[in-house]
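Asks: Please find one structure pasted underneath; my questions will follow.
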Amino acid sequence: MRRTIVPDALKGVYAQWRYAPAVAANGFIHVCGIVGVSPGGVTPDGLGHESFEAFGGASSTTARDGAPLAALEAVRDPEAQFAVAFETLRAILREGGADLSDVVEITSYHVGISAHMGAFMKVWARYLKEPYPAWTAVGVAELIVPGGLVELRAVAAERGR
């Protein structure tokens, strides 16, 4: 059995770019690559609070008819960009009935890995707790989102399985 997980605010992403935020199959939720984006690349208000809207950057971009995927704007502040990426990951997992504590594996793709790893680890510690998931960090030349410094891909166990 397989189900595609598309939060309401990301329906434009799915329809316009054929980009499924996550797919649940065989007891696991597979979350696609997530970059911390926001309208205009500014640090969003409410970051870190329960009411934070994690999908604002993607939904505002797809609201522009015919906007390409590369029209997304990464949050300019590195630490805030990493936090938005984790908030977005959490929101997608919650839509699928899981949370960050259910993540069993995570892969992070980094532009400027050595320059930003300290800030990334600081944010990581706010979002991922023991028992830690299996983790692979990969340095890359660029991401599809201009200004993107990290892209998170994760696998989480479905609750109740």
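Ligands are numbered from 1 in the order shown, chains are lettered A, B, ... in the order of the structure tokens, and residues start at 1 in each chain.
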Could you make a table, as a Markdown table, of the residues of segment 58-144 of chain A that have an atom within 12 Å of an atom of segment 22-45 of chain A, each with its nearest atom pair and distance in Å to one decimal, counting only C-alpha atoms, in chain and number order?
Replies:
```
| residue | atom | partner | partner_atom | distance |
| --- | --- | --- | --- | --- |
| A:Ala58 | CA | A:Val37 | CA | 7.0 |
| A:Ser59 | CA | A:Pro39 | CA | 9.0 |
| A:Ser60 | CA | A:Pro39 | CA | 6.6 |
| A:Thr61 | CA | A:Pro39 | CA | 7.4 |
| A:Thr62 | CA | A:Pro39 | CA | 11.0 |
| A:Ala63 | CA | A:Pro39 | CA | 11.3 |
| A:Arg64 | CA | A:Pro39 | CA | 11.7 |
| A:Leu69 | CA | A:Val37 | CA | 11.6 |
| A:Ala70 | CA | A:Val37 | CA | 11.2 |
| A:Ala71 | CA | A:Pro39 | CA | 10.2 |
| A:Leu72 | CA | A:Val37 | CA | 6.6 |
| A:Glu73 | CA | A:Gly41 | CA | 5.1 |
| A:Ala74 | CA | A:Val37 | CA | 4.2 |
| A:Val75 | CA | A:Gly41 | CA | 4.1 |
| A:Arg76 | CA | A:Gly41 | CA | 5.4 |
| A:Asp77 | CA | A:Thr43 | CA | 6.9 |
| A:Pro78 | CA | A:Gly36 | CA | 9.2 |
| A:Glu79 | CA | A:Thr43 | CA | 9.6 |
| A:Ala80 | CA | A:Thr43 | CA | 6.2 |
| A:Gln81 | CA | A:Gly36 | CA | 4.6 |
| A:Phe82 | CA | A:Gly36 | CA | 6.0 |
| A:Ala83 | CA | A:Gly36 | CA | 7.2 |
| A:Val84 | CA | A:Gly36 | CA | 4.6 |
| A:Ala85 | CA | A:Gly36 | CA | 4.0 |
| A:Phe86 | CA | A:Gly36 | CA | 7.8 |
| A:Glu87 | CA | A:Gly36 | CA | 8.4 |
| A:Thr88 | CA | A:Ile34 | CA | 7.2 |
| A:Leu89 | CA | A:Ile34 | CA | 6.7 |
| A:Arg90 | CA | A:Val31 | CA | 10.0 |
| A:Ala91 | CA | A:Val31 | CA | 10.8 |
| A:Ile92 | CA | A:Ala22 | CA | 7.2 |
| A:Leu93 | CA | A:Ile29 | CA | 7.6 |
| A:Arg94 | CA | A:Ile29 | CA | 10.6 |
| A:Glu95 | CA | A:Ala22 | CA | 9.5 |
| A:Gly96 | CA | A:Ile29 | CA | 7.4 |
| A:Gly97 | CA | A:Ile29 | CA | 9.3 |
| A:Ala98 | CA | A:Ile29 | CA | 8.3 |
| A:Asp99 | CA | A:Ile29 | CA | 10.3 |
| A:Leu100 | CA | A:Ile29 | CA | 11.3 |
| A:Asp102 | CA | A:Ile29 | CA | 9.4 |
| A:Val103 | CA | A:Ile29 | CA | 8.7 |
| A:Val104 | CA | A:Phe28 | CA | 9.2 |
| A:Glu105 | CA | A:His30 | CA | 9.6 |
| A:Ile106 | CA | A:Val31 | CA | 9.4 |
| A:Thr107 | CA | A:Gly33 | CA | 8.9 |
| A:Ser108 | CA | A:Gly33 | CA | 8.6 |
| A:Tyr109 | CA | A:Gly33 | CA | 8.8 |
| A:His110 | CA | A:Val35 | CA | 10.4 |
| A:Val111 | CA | A:Val35 | CA | 11.5 |
| A:Glu142 | CA | A:Val35 | CA | 11.8 |
| A:Leu143 | CA | A:Val35 | CA | 8.7 |
| A:Ile144 | CA | A:Val35 | CA | 9.2 |
```
